[in-house]
Amino acid sequence: MPKIKINGRELEVAEGITILEAALSNGIYIPHFCYHPHLSVSGNCRMCLVDVKPGPPKLSISCATTAAEGMEIETENEKVRAARAAVMEFILKNHPLDCPICDQAGECMLHEYYMTYDLKPSRLFSPEDKVRKQKRRRLGKHLVLDSERCILCTRCLRFVRQVAGDDCLGMIKRSDRMEITTFPGKTVDNPYSLCLTDVCPVGAWTSADFRFKQRVWFLKPSASICPHCSRGCNIWIDHRREEAFRIRPRLNLQVNEAWACDEGRLSYHLINDDRLTAPLVNKGNGQKEASWREALKFSAELIEEAGENLSVIVSAGLSLEEGKAVLALFREGLGAKVMLHTGEAGWEDNILRQSDRNANTKGLADLGMTEPVDTGLDDSTVLVLFETLGSAPLPEGISAPAIVVSPSVTPAVKAAKVALPAASYAESSGTVVNFMGVSQSYSPALKPKGQALSHTETIKKLAAAAGQKPGE
Amino acid sequence: MANDDYKILSRNWGKPDSHKLETYLQSGGYEAARKALTMEPQAVAQTVLDAGLRGRGGAGFPTGRKWLFMPKDDRPRFLCVNADEGEPGTFKDRDILRYDPHMLIEGILIACWAMQAHTSYIYIRGEFTEPQRRMEAAIEEAYAKGILGNRVLESDFRLDVYVHAGAGAYVCGEETALINSIEGKKGQPRIRPPFPPQRGVFDMPTTVNNVESIASTPYIIANGPEAYKKFGTEKSPGTKLFCVSGHVNRPQVIELPLGVPLMELIEKHCGGILKGMKLKAVIPGGSSTPVLTASECQGVTMDYEALAAAGSMLGSGAVIVMAEGTCMVTTLHVLTHFYAHESCGQCTPCREGTGWMAQITGRMVKGKGKIEDLDLLLSLANGMFGRTICPLADAAVGPVTSFIGKFRQEFEDYIRTQKGPREKPFPVKWMS
């Protein structure tokens with residue numbers, strides 16, 4: 001364990017780590033653009049220059065210099081400050097400074113570093129001297145590249161090669177005409193393409209989906225867990241006025257590092273769109289909005305009529321708490337058969353994506369919910385279905401469930417006798433266990449939509465309604 | 001020349017068919033390689049180190065030491081010969097490649113034996129089509145005669161030599177960019193460490209040597225280090241190819257012992273300045289070395305130490321001579337434009353700085369410069385120097401600081417009086 005000194009502070013750091021890593025892990029900030037903790041080192045932005053003694057007389061880049069015994073490192077002396085200011089000036093020389101229309105404004109490293117390390121007026125003769133490059137290039141289904149804003153840190157290149165395993169991006173041309181672009185005939189359409197908007201320290205890569213939708217400083221991030229596969233990626237839901245605007249990965253080295261898949265990110269639309277906001281009741285004369293009271297009463301009647309024939313199908317996206325409540329009421333209380341609905345297996349890769357599209361299959365299985373959906377149920381069966389956001393449709397051959405508790409307007413909801421609006425993962429709290437057995441909790445980011453209630457509350461109300469019936 | 005016994009590299013150049021194997025064999029060709037193959041590999045490297053041969057590409061690092069740096073593990077080793085001669089003013093390797101390619105092949109053989117490398121790449125600048133054809137023909141001859149291949153000169157040593165043509169990037173003359181280019185990647189320097197002897201081409205131990213360094217080794221092996229040290233100075237032994245261009249009567253590539261006085265090189269060997277004009281300035285070692293004024297040229301000798309003491313560098317031995325009447329503003333713009341065109345674009349200070357400098361000097365040439373621009377240029381130079389992965393930024397800074405430093409008055413006068421580009425920036429048609 002080498003002992004080093006950073007700005008006079010003695011530190012004992014792990015063997016083999018770089019000066020930048022040593023500084024960052026000890027709360028000493030060294031500005032950097034091209035360094036990314038989960039990508040290889042490229043050492044080209046030159047922002048992390050520090051003064052290392054003993055060492056060469058010139059400044060060294062801290063991202064590529066291994067901390068060695070006895071090193072004395074200065075990160076804030078005159079020489080280092082001057083070098084940083086020079087690098088900032090060079091980076092900004094050809095930067096278009098279109099911050100007022102840039103989506104990155106508010107979370108732009110260039111912006112922040114200018115305020116912290118440069119703050120000097122431009123010495124450019126005229127704005128005409130800026131090198132013009134292509135703006136608004138649609139280089140993938142979800143991505144737009146603005147080459148003028150690009151500071152050529154090559155994080156995106158390293159991401160697509162090293163993480164997404166998709167060799168689609170390269171550099172063309174030299175000097176200040178250099179640009180990032182796709183190789184001929186290729187587009188950035190790998191399942192992780194939107195991570196480029198995270199790794200990009202500036203506003204060069206922007207999400208076609210999020211572009212111009214919202215100023216980031218208005219957004220409030222709430223920590224959550226992505227429910228769309230059994231990985232359970234840690235995410236931020238960025239929202240404003242009860243509307244979700246985007247999903248970003250949240251660092252978790254054990255589960256998803258700093259990444260998330262495009263499908264997961266874009267699934268925030270499910271939080272906003274096609275939501276079931278009020279109970280629906282169909283007493284043979286078409287589905288109509290009803291009060292909770294009326295819907296619960298009708299539900300209780302249906303449950304009572306069913307008697308022995310009552311069965312429950314639970315989406316494997318339900319949390320442990322919700323699963324326990326279902327088991328307590330329906331299996332123990334009403335003696336119903338409880339089946340676990342996982343849907344078809346989807347595609348998977350060895351990066352993040354799991355073929356099991358449900359957040360909590362393992363957790364619910366551990367609770368004892370292992371029985372798969374029985375497609376041979378006869379017509380006399382009265383089905384209760386608990387759905388979550390993005391649940392797979394029921395397999396064919398199953399008669400329409402009588403009671404559906406769902407966050408969205410799904411086909412099952414449309415065919416149900418009673419449909420009860422449920423809060424999604426973004427509006428409730430719970431615990432899910434991912435495929436590795438990691439148990440993760442989430443709490444609400446938003447308020448439930450309309451009259452929606454969380455699954456546990458709905459189950460409580462159903463229990464109360466069913467319990468009120470005499471003779472049970 | 002009256003006394004030609006110092007001609008080591010250029011001894012065959014005048015002969016008819018000097019590039020043919022037959023001609024080379026007649027002058028004792030491949031005897032040094034045969035001798036080397038009887039020596040211990042380590043001893044070959046030691047001999048080259050003892051001869052004091054210093055890298056002729058510009059940096060002047062002892063060639064033998066480079067060879068001895070190669071790790072002795074069982075990974076395959078590579079020799080890359082740097083023939084990407086791109087430094088403005090330099091055209092020496094071209095003549096070795098086209099007039100005596102077999103001397104280079106023999107040198108490669110010796111170097112590969114010393115390092116026990118079985119593969120060598122000759123990275124030839126893309127624009128050098130004729131030298132490339134000659135080199136390829138020579139390699140073919142050598143394979144046919146059993147000089148290269150599985151049994152080199154009837155020994156058990158195996159050696160394959162390949163020619164790799166560059167694609168026109170100056171920066172590929174930098175060894176790690178050259179390695180990237182050989183691997184088929186974009187020619188951009190790599191961060192060091194790891195150095196090429198640890199992880200070079202295809203991540204294997206690699207040595208990159210200049211053509212002239214390699215071509216000097218057959219003489220050293222054949223005649224011993226002492227014979228080589230007879231030429232040149234104590235710290236810069238041997239001979240060097242000087243490429244003299246610019247306003248001299250006989251621009252040429254000429255081999256002379258190191259330590260030859262610069263003025264002797266110009267006056268005696270190159271026939272003096274054109275039309276008897278006065279000397280104004282000399283760039284002594286290729287465009288990136290700081291310029292010397294006429295008075296600084298007096299008494300300076302052409303070796304690593306003397307030029308360093310004079311504040312410049314021997315570099316690649318490219319002597320660019322400028323006569324009285326040369327516009328230094330225009331000349332500087334030609335140079336800054338070159339570096340702006342050739343920066344690989346990787347490191348921020350170089351990528352943006354070179355282009356910015358070229359914009360400023362370009363504006364000056366058009367008569368739209370401001371006096372403050374001179375300080376701006378120096379300040380940019382300060383922000384670029386020593387801040388990048390490879391020395392291209394330092395090379396770009398060299399002419400800027402030395403031109404403005406030594407000819408500031410001329411720059412200021414130009415900015416004050418010139419309202420458009422100078423009609424005749426050079427006393428004779430030279431560069432456009």
# chains A, B, ... in the order shown; residues from 1 in each chain; ligands from 1
>>> residues_around(residues="region 61-67 of chain A", least_positions_apart="4", cutoff="7 Å", atoms="only C-alpha atoms", output="mmCIF file with C-alpha atoms, in the first residue's frame")
data_model
loop_
_atom_site.group_PDB
_atom_site.id
_atom_site.type_symbol
_atom_site.label_atom_id
_atom_site.label_comp_id
_atom_site.auth_asym_id
_atom_site.auth_seq_id
_atom_site.Cartn_x
_atom_site.Cartn_y
_atom_site.Cartn_z
ATOM 1 C CA GLY A 16 -1.832 0.067 -8.502
ATOM 2 C CA ILE A 17 -4.479 2.780 -8.522
ATOM 3 C CA THR A 18 -3.918 6.033 -10.338
ATOM 4 C CA ILE A 19 -3.406 9.423 -8.756
ATOM 5 C CA LEU A 20 -6.842 10.507 -9.973
ATOM 6 C CA TYR A 35 -11.578 9.750 -17.537
ATOM 7 C CA VAL A 41 -8.081 5.411 -19.709
ATOM 8 C CA GLY A 43 -5.614 10.402 -21.324
ATOM 9 C CA ARG A 46 -5.449 16.872 -20.447
ATOM 10 C CA CYS A 48 -6.493 16.245 -14.965
ATOM 11 C CA LEU A 49 -2.888 17.476 -15.164
ATOM 12 C CA VAL A 50 -1.176 17.578 -11.795
ATOM 13 C CA MET A 71 4.957 10.691 -4.506
#
>>> closest_atom_pairs(of="chain A", to="chain B", cutoff="7 Å", atoms="only C-alpha atoms", output="CSV")
residue,atom,partner,partner_atom,distance
A:Gly43,CA,B:Ile191,CA,6.9
A:Asn44,CA,B:Cys347,CA,4.4
A:Cys45,CA,B:Thr348,CA,5.4
A:Arg46,CA,B:Thr348,CA,6.6
A:Lys58,CA,B:Gly386,CA,5.9
A:Leu59,CA,B:Arg387,CA,6.9
A:Ala83,CA,B:Gly383,CA,6.2
A:Ala86,CA,B:Gly383,CA,5.3
A:Val87,CA,B:Pro349,CA,6.0
A:Phe90,CA,B:Glu352,CA,5.5
A:Ile91,CA,B:Thr348,CA,6.3
A:Lys93,CA,B:Glu352,CA,6.9
A:Arg174,CA,B:Cys344,CA,4.9
A:Ser175,CA,B:Gly345,CA,3.8
A:Asp176,CA,B:Arg351,CA,5.2
A:Met178,CA,B:Gly345,CA,6.0
>>> atom_distance(atom1="CA of Ala83 (chain B)", atom2="CA of Tyr123 (chain B)")
5.3 Å
>>> select_by_dssp(residues="region 87-250 of chain B", states="strand (DSSP E or B)", output="PyMOL selection string")
chain B and resi 119-124+149+159-165+206-210+232+237+239-246+248
>>> write_last_selection(atoms="N, CA and C atoms", output="PDB file, in the first residue's frame")
ATOM      1  N   THR B 119      10.285 -10.682 -36.897  1.00  0.00           N
ATOM      2  CA  THR B 119       9.437  -9.928 -37.819  1.00  0.00           C
ATOM      3  C   THR B 119       9.818  -8.462 -37.774  1.00  0.00           C
ATOM      4  N   SER B 120       9.866  -7.873 -38.950  1.00  0.00           N
ATOM      5  CA  SER B 120      10.149  -6.448 -39.005  1.00  0.00           C
ATOM      6  C   SER B 120       9.194  -5.787 -39.982  1.00  0.00           C
ATOM      7  N   TYR B 121       8.698  -4.635 -39.581  1.00  0.00           N
ATOM      8  CA  TYR B 121       7.855  -3.846 -40.471  1.00  0.00           C
ATOM      9  C   TYR B 121       8.619  -2.588 -40.864  1.00  0.00           C
ATOM     10  N   ILE B 122       8.639  -2.316 -42.155  1.00  0.00           N
ATOM     11  CA  ILE B 122       9.186  -1.032 -42.590  1.00  0.00           C
ATOM     12  C   ILE B 122       7.985  -0.143 -42.876  1.00  0.00           C
ATOM     13  N   TYR B 123       7.800   0.860 -42.040  1.00  0.00           N
ATOM     14  CA  TYR B 123       6.649   1.752 -42.196  1.00  0.00           C
ATOM     15  C   TYR B 123       7.057   2.910 -43.081  1.00  0.00           C
ATOM     16  N   ILE B 124       6.649   2.839 -44.343  1.00  0.00           N
ATOM     17  CA  ILE B 124       7.075   3.860 -45.307  1.00  0.00           C
ATOM     18  C   ILE B 124       5.971   4.885 -45.508  1.00  0.00           C
ATOM     19  N   GLY B 149      13.868 -14.822 -44.786  1.00  0.00           N
ATOM     20  CA  GLY B 149      13.068 -16.038 -44.832  1.00  0.00           C
ATOM     21  C   GLY B 149      13.378 -16.947 -43.663  1.00  0.00           C
ATOM     22  N   LEU B 159      13.653 -14.686 -40.362  1.00  0.00           N
ATOM     23  CA  LEU B 159      13.309 -13.261 -40.364  1.00  0.00           C
ATOM     24  C   LEU B 159      12.407 -12.921 -41.542  1.00  0.00           C
ATOM     25  N   ASP B 160      11.282 -12.284 -41.226  1.00  0.00           N
ATOM     26  CA  ASP B 160      10.391 -11.797 -42.277  1.00  0.00           C
ATOM     27  C   ASP B 160      10.316 -10.280 -42.200  1.00  0.00           C
ATOM     28  N   VAL B 161      10.383  -9.669 -43.366  1.00  0.00           N
ATOM     29  CA  VAL B 161      10.322  -8.205 -43.425  1.00  0.00           C
ATOM     30  C   VAL B 161       9.141  -7.799 -44.291  1.00  0.00           C
ATOM     31  N   TYR B 162       8.326  -6.897 -43.770  1.00  0.00           N
ATOM     32  CA  TYR B 162       7.158  -6.439 -44.516  1.00  0.00           C
ATOM     33  C   TYR B 162       7.231  -4.928 -44.686  1.00  0.00           C
ATOM     34  N   VAL B 163       6.721  -4.483 -45.827  1.00  0.00           N
ATOM     35  CA  VAL B 163       6.609  -3.040 -46.046  1.00  0.00           C
ATOM     36  C   VAL B 163       5.177  -2.632 -45.749  1.00  0.00           C
ATOM     37  N   HIS B 164       5.030  -1.609 -44.933  1.00  0.00           N
ATOM     38  CA  HIS B 164       3.687  -1.101 -44.616  1.00  0.00           C
ATOM     39  C   HIS B 164       3.652   0.361 -45.033  1.00  0.00           C
ATOM     40  N   ALA B 165       2.749   0.694 -45.932  1.00  0.00           N
ATOM     41  CA  ALA B 165       2.687   2.082 -46.399  1.00  0.00           C
ATOM     42  C   ALA B 165       1.769   2.895 -45.497  1.00  0.00           C
ATOM     43  N   THR B 206       8.392  -4.263 -28.776  1.00  0.00           N
ATOM     44  CA  THR B 206       8.677  -3.649 -30.073  1.00  0.00           C
ATOM     45  C   THR B 206       9.747  -2.580 -29.926  1.00  0.00           C
ATOM     46  N   THR B 207      10.629  -2.524 -30.914  1.00  0.00           N
ATOM     47  CA  THR B 207      11.547  -1.402 -30.990  1.00  0.00           C
ATOM     48  C   THR B 207      11.271  -0.663 -32.289  1.00  0.00           C
ATOM     49  N   VAL B 208      11.231   0.653 -32.199  1.00  0.00           N
ATOM     50  CA  VAL B 208      11.050   1.456 -33.402  1.00  0.00           C
ATOM     51  C   VAL B 208      12.342   2.234 -33.627  1.00  0.00           C
ATOM     52  N   ASN B 209      12.951   2.044 -34.789  1.00  0.00           N
ATOM     53  CA  ASN B 209      14.195   2.735 -35.121  1.00  0.00           C
ATOM     54  C   ASN B 209      14.030   3.478 -36.435  1.00  0.00           C
ATOM     55  N   ASN B 210      14.751   4.572 -36.556  1.00  0.00           N
ATOM     56  CA  ASN B 210      14.764   5.329 -37.798  1.00  0.00           C
ATOM     57  C   ASN B 210      15.562   4.571 -38.865  1.00  0.00           C
ATOM     58  N   GLY B 232      32.921  12.163 -36.500  1.00  0.00           N
ATOM     59  CA  GLY B 232      32.044  12.889 -35.586  1.00  0.00           C
ATOM     60  C   GLY B 232      32.759  13.377 -34.349  1.00  0.00           C
ATOM     61  N   PRO B 237      29.150  10.604 -32.091  1.00  0.00           N
ATOM     62  CA  PRO B 237      30.042   9.980 -33.061  1.00  0.00           C
ATOM     63  C   PRO B 237      29.297   9.608 -34.343  1.00  0.00           C
ATOM     64  N   THR B 239      28.566   9.504 -38.696  1.00  0.00           N
ATOM     65  CA  THR B 239      28.209  10.434 -39.763  1.00  0.00           C
ATOM     66  C   THR B 239      26.698  10.622 -39.753  1.00  0.00           C
ATOM     67  N   LYS B 240      26.274  11.638 -40.475  1.00  0.00           N
ATOM     68  CA  LYS B 240      24.843  11.952 -40.488  1.00  0.00           C
ATOM     69  C   LYS B 240      24.490  12.414 -41.884  1.00  0.00           C
ATOM     70  N   LEU B 241      23.297  12.060 -42.304  1.00  0.00           N
ATOM     71  CA  LEU B 241      22.792  12.600 -43.572  1.00  0.00           C
ATOM     72  C   LEU B 241      22.152  13.943 -43.274  1.00  0.00           C
ATOM     73  N   PHE B 242      22.620  14.963 -43.963  1.00  0.00           N
ATOM     74  CA  PHE B 242      22.006  16.277 -43.816  1.00  0.00           C
ATOM     75  C   PHE B 242      21.209  16.558 -45.071  1.00  0.00           C
ATOM     76  N   CYS B 243      19.960  16.990 -44.890  1.00  0.00           N
ATOM     77  CA  CYS B 243      19.195  17.361 -46.073  1.00  0.00           C
ATOM     78  C   CYS B 243      19.102  18.868 -46.073  1.00  0.00           C
ATOM     79  N   VAL B 244      19.771  19.465 -46.991  1.00  0.00           N
ATOM     80  CA  VAL B 244      19.816  20.920 -47.033  1.00  0.00           C
ATOM     81  C   VAL B 244      18.840  21.397 -48.101  1.00  0.00           C
ATOM     82  N   SER B 245      17.950  22.281 -47.683  1.00  0.00           N
ATOM     83  CA  SER B 245      16.989  22.820 -48.638  1.00  0.00           C
ATOM     84  C   SER B 245      16.890  24.320 -48.436  1.00  0.00           C
ATOM     85  N   GLY B 246      16.162  24.966 -49.284  1.00  0.00           N
ATOM     86  CA  GLY B 246      15.997  26.408 -49.164  1.00  0.00           C
ATOM     87  C   GLY B 246      16.913  27.154 -50.111  1.00  0.00           C
ATOM     88  N   VAL B 248      19.888  27.739 -51.056  1.00  0.00           N
ATOM     89  CA  VAL B 248      21.293  27.429 -51.298  1.00  0.00           C
ATOM     90  C   VAL B 248      21.430  27.040 -52.764  1.00  0.00           C
TER      91      VAL B 248
END
>>> residues_around(residues="region 265-272 of chain B", least_positions_apart="3", cutoff="8 Å", atoms="only C-alpha atoms", output="list in words")
Val244, Val248, Asn249, Arg250, Pro251, Gln252, Val260, Pro261, Leu262 and Gly276 of chain B
>>> select_by_dssp(residues="region 161-365 of chain B", states="helix (DSSP H, G or I)", output="PyMOL selection string")
chain B and resi 170-173+175-182+201-203+211-229+262-269+274-276+294-297+304-309+328-342+348-365
>>> residues_around(residues="region 431-439 of chain A", least_positions_apart="6", cutoff="7 Å", atoms="only C-alpha atoms", output="NGL selection string")
:A and (230-232 or 319-321 or 359-360 or 362-363)
>>> residues_around(residues="region 95-100 of chain A", least_positions_apart="4", cutoff="9 Å", atoms="only C-alpha atoms", output="list in words")
Ile91, Gln104, Ala105, His111, Pro127, Lys130, Val131, Arg132, Glu148, Arg149, Cys150, Ile151 and Gly203 of chain A
>>> write_last_selection(atoms="N, CA and C atoms", output="mmCIF file, in the first residue's frame")
data_model
loop_
_atom_site.group_PDB
_atom_site.id
_atom_site.type_symbol
_atom_site.label_atom_id
_atom_site.label_comp_id
_atom_site.auth_asym_id
_atom_site.auth_seq_id
_atom_site.Cartn_x
_atom_site.Cartn_y
_atom_site.Cartn_z
ATOM 1 N N ILE A 91 -10.447 23.996 -25.108
ATOM 2 C CA ILE A 91 -11.679 23.235 -25.361
ATOM 3 C C ILE A 91 -12.787 24.171 -25.824
ATOM 4 N N GLN A 104 -27.907 19.665 -22.356
ATOM 5 C CA GLN A 104 -26.973 19.314 -21.291
ATOM 6 C C GLN A 104 -26.845 20.445 -20.271
ATOM 7 N N ALA A 105 -27.206 21.654 -20.667
ATOM 8 C CA ALA A 105 -27.058 22.792 -19.769
ATOM 9 C C ALA A 105 -27.683 22.455 -18.421
ATOM 10 N N HIS A 111 -19.525 23.434 -18.603
ATOM 11 C CA HIS A 111 -20.129 24.563 -17.922
ATOM 12 C C HIS A 111 -19.542 24.749 -16.522
ATOM 13 N N PRO A 127 -16.160 35.251 -33.546
ATOM 14 C CA PRO A 127 -16.832 33.941 -33.499
ATOM 15 C C PRO A 127 -16.717 33.197 -34.824
ATOM 16 N N LYS A 130 -14.458 30.082 -35.179
ATOM 17 C CA LYS A 130 -14.779 28.752 -34.662
ATOM 18 C C LYS A 130 -14.935 27.778 -35.832
ATOM 19 N N VAL A 131 -14.394 26.590 -35.647
ATOM 20 C CA VAL A 131 -14.513 25.573 -36.691
ATOM 21 C C VAL A 131 -15.940 25.042 -36.686
ATOM 22 N N ARG A 132 -16.564 25.055 -37.829
ATOM 23 C CA ARG A 132 -17.950 24.583 -37.910
ATOM 24 C C ARG A 132 -17.972 23.092 -38.243
ATOM 25 N N GLU A 148 -20.290 19.798 -33.106
ATOM 26 C CA GLU A 148 -19.664 21.053 -32.677
ATOM 27 C C GLU A 148 -19.494 21.100 -31.163
ATOM 28 N N ARG A 149 -20.470 20.529 -30.454
ATOM 29 C CA ARG A 149 -20.374 20.568 -28.992
ATOM 30 C C ARG A 149 -19.374 19.551 -28.481
ATOM 31 N N CYS A 150 -19.066 18.569 -29.311
ATOM 32 C CA CYS A 150 -18.219 17.444 -28.888
ATOM 33 C C CYS A 150 -16.817 17.943 -28.517
ATOM 34 N N ILE A 151 -16.306 17.465 -27.392
ATOM 35 C CA ILE A 151 -14.952 17.847 -26.995
ATOM 36 C C ILE A 151 -13.975 16.700 -27.259
ATOM 37 N N GLY A 203 -22.921 18.296 -24.229
ATOM 38 C CA GLY A 203 -24.203 18.052 -24.885
ATOM 39 C C GLY A 203 -24.088 17.536 -26.300
#
>>> residues_around(residues="region 125-141 of chain B", least_positions_apart="3", cutoff="10 Å", atoms="only C-alpha atoms", output="ChimeraX atom specification")
/B:19-22,82-86,93-102,104-105,122,144-148,160-170,172-173
>>> residues_around(residues="Glu242 (chain A)", least_positions_apart="4", cutoff="12 Å", atoms="only C-alpha atoms", output="NGL selection string")
:A and (219-222 or 237-238 or 271-272 or 426-427 or 444-450)
>>> closest_residue(among="A:Ile351, A:Ala415, A:Ala464, A:Ala23", to="Gly165 (chain A)", atoms="only C-alpha atoms")
A:Ile351
>>> decode(residues="region 167-178 of chain A", atoms="C-alpha atoms", output="compact mmCIF listing (two decimals), in the first residue's frame")
# COMPACT_ATOMS: atom_id res chain seq x y z
CA ASP A 167 -17.84 -1.41 -32.68
CA CYS A 168 -19.82 1.23 -34.48
CA LEU A 169 -18.14 4.54 -33.65
CA GLY A 170 -14.85 5.96 -34.80
CA MET A 171 -12.99 9.20 -35.26
CA ILE A 172 -12.48 10.77 -38.63
CA LYS A 173 -10.21 13.59 -39.76
CA ARG A 174 -7.45 15.20 -37.77
CA SER A 175 -6.72 18.23 -35.60
CA ASP A 176 -9.61 20.60 -34.90
CA ARG A 177 -11.57 19.11 -37.78
CA MET A 178 -11.73 15.75 -36.04
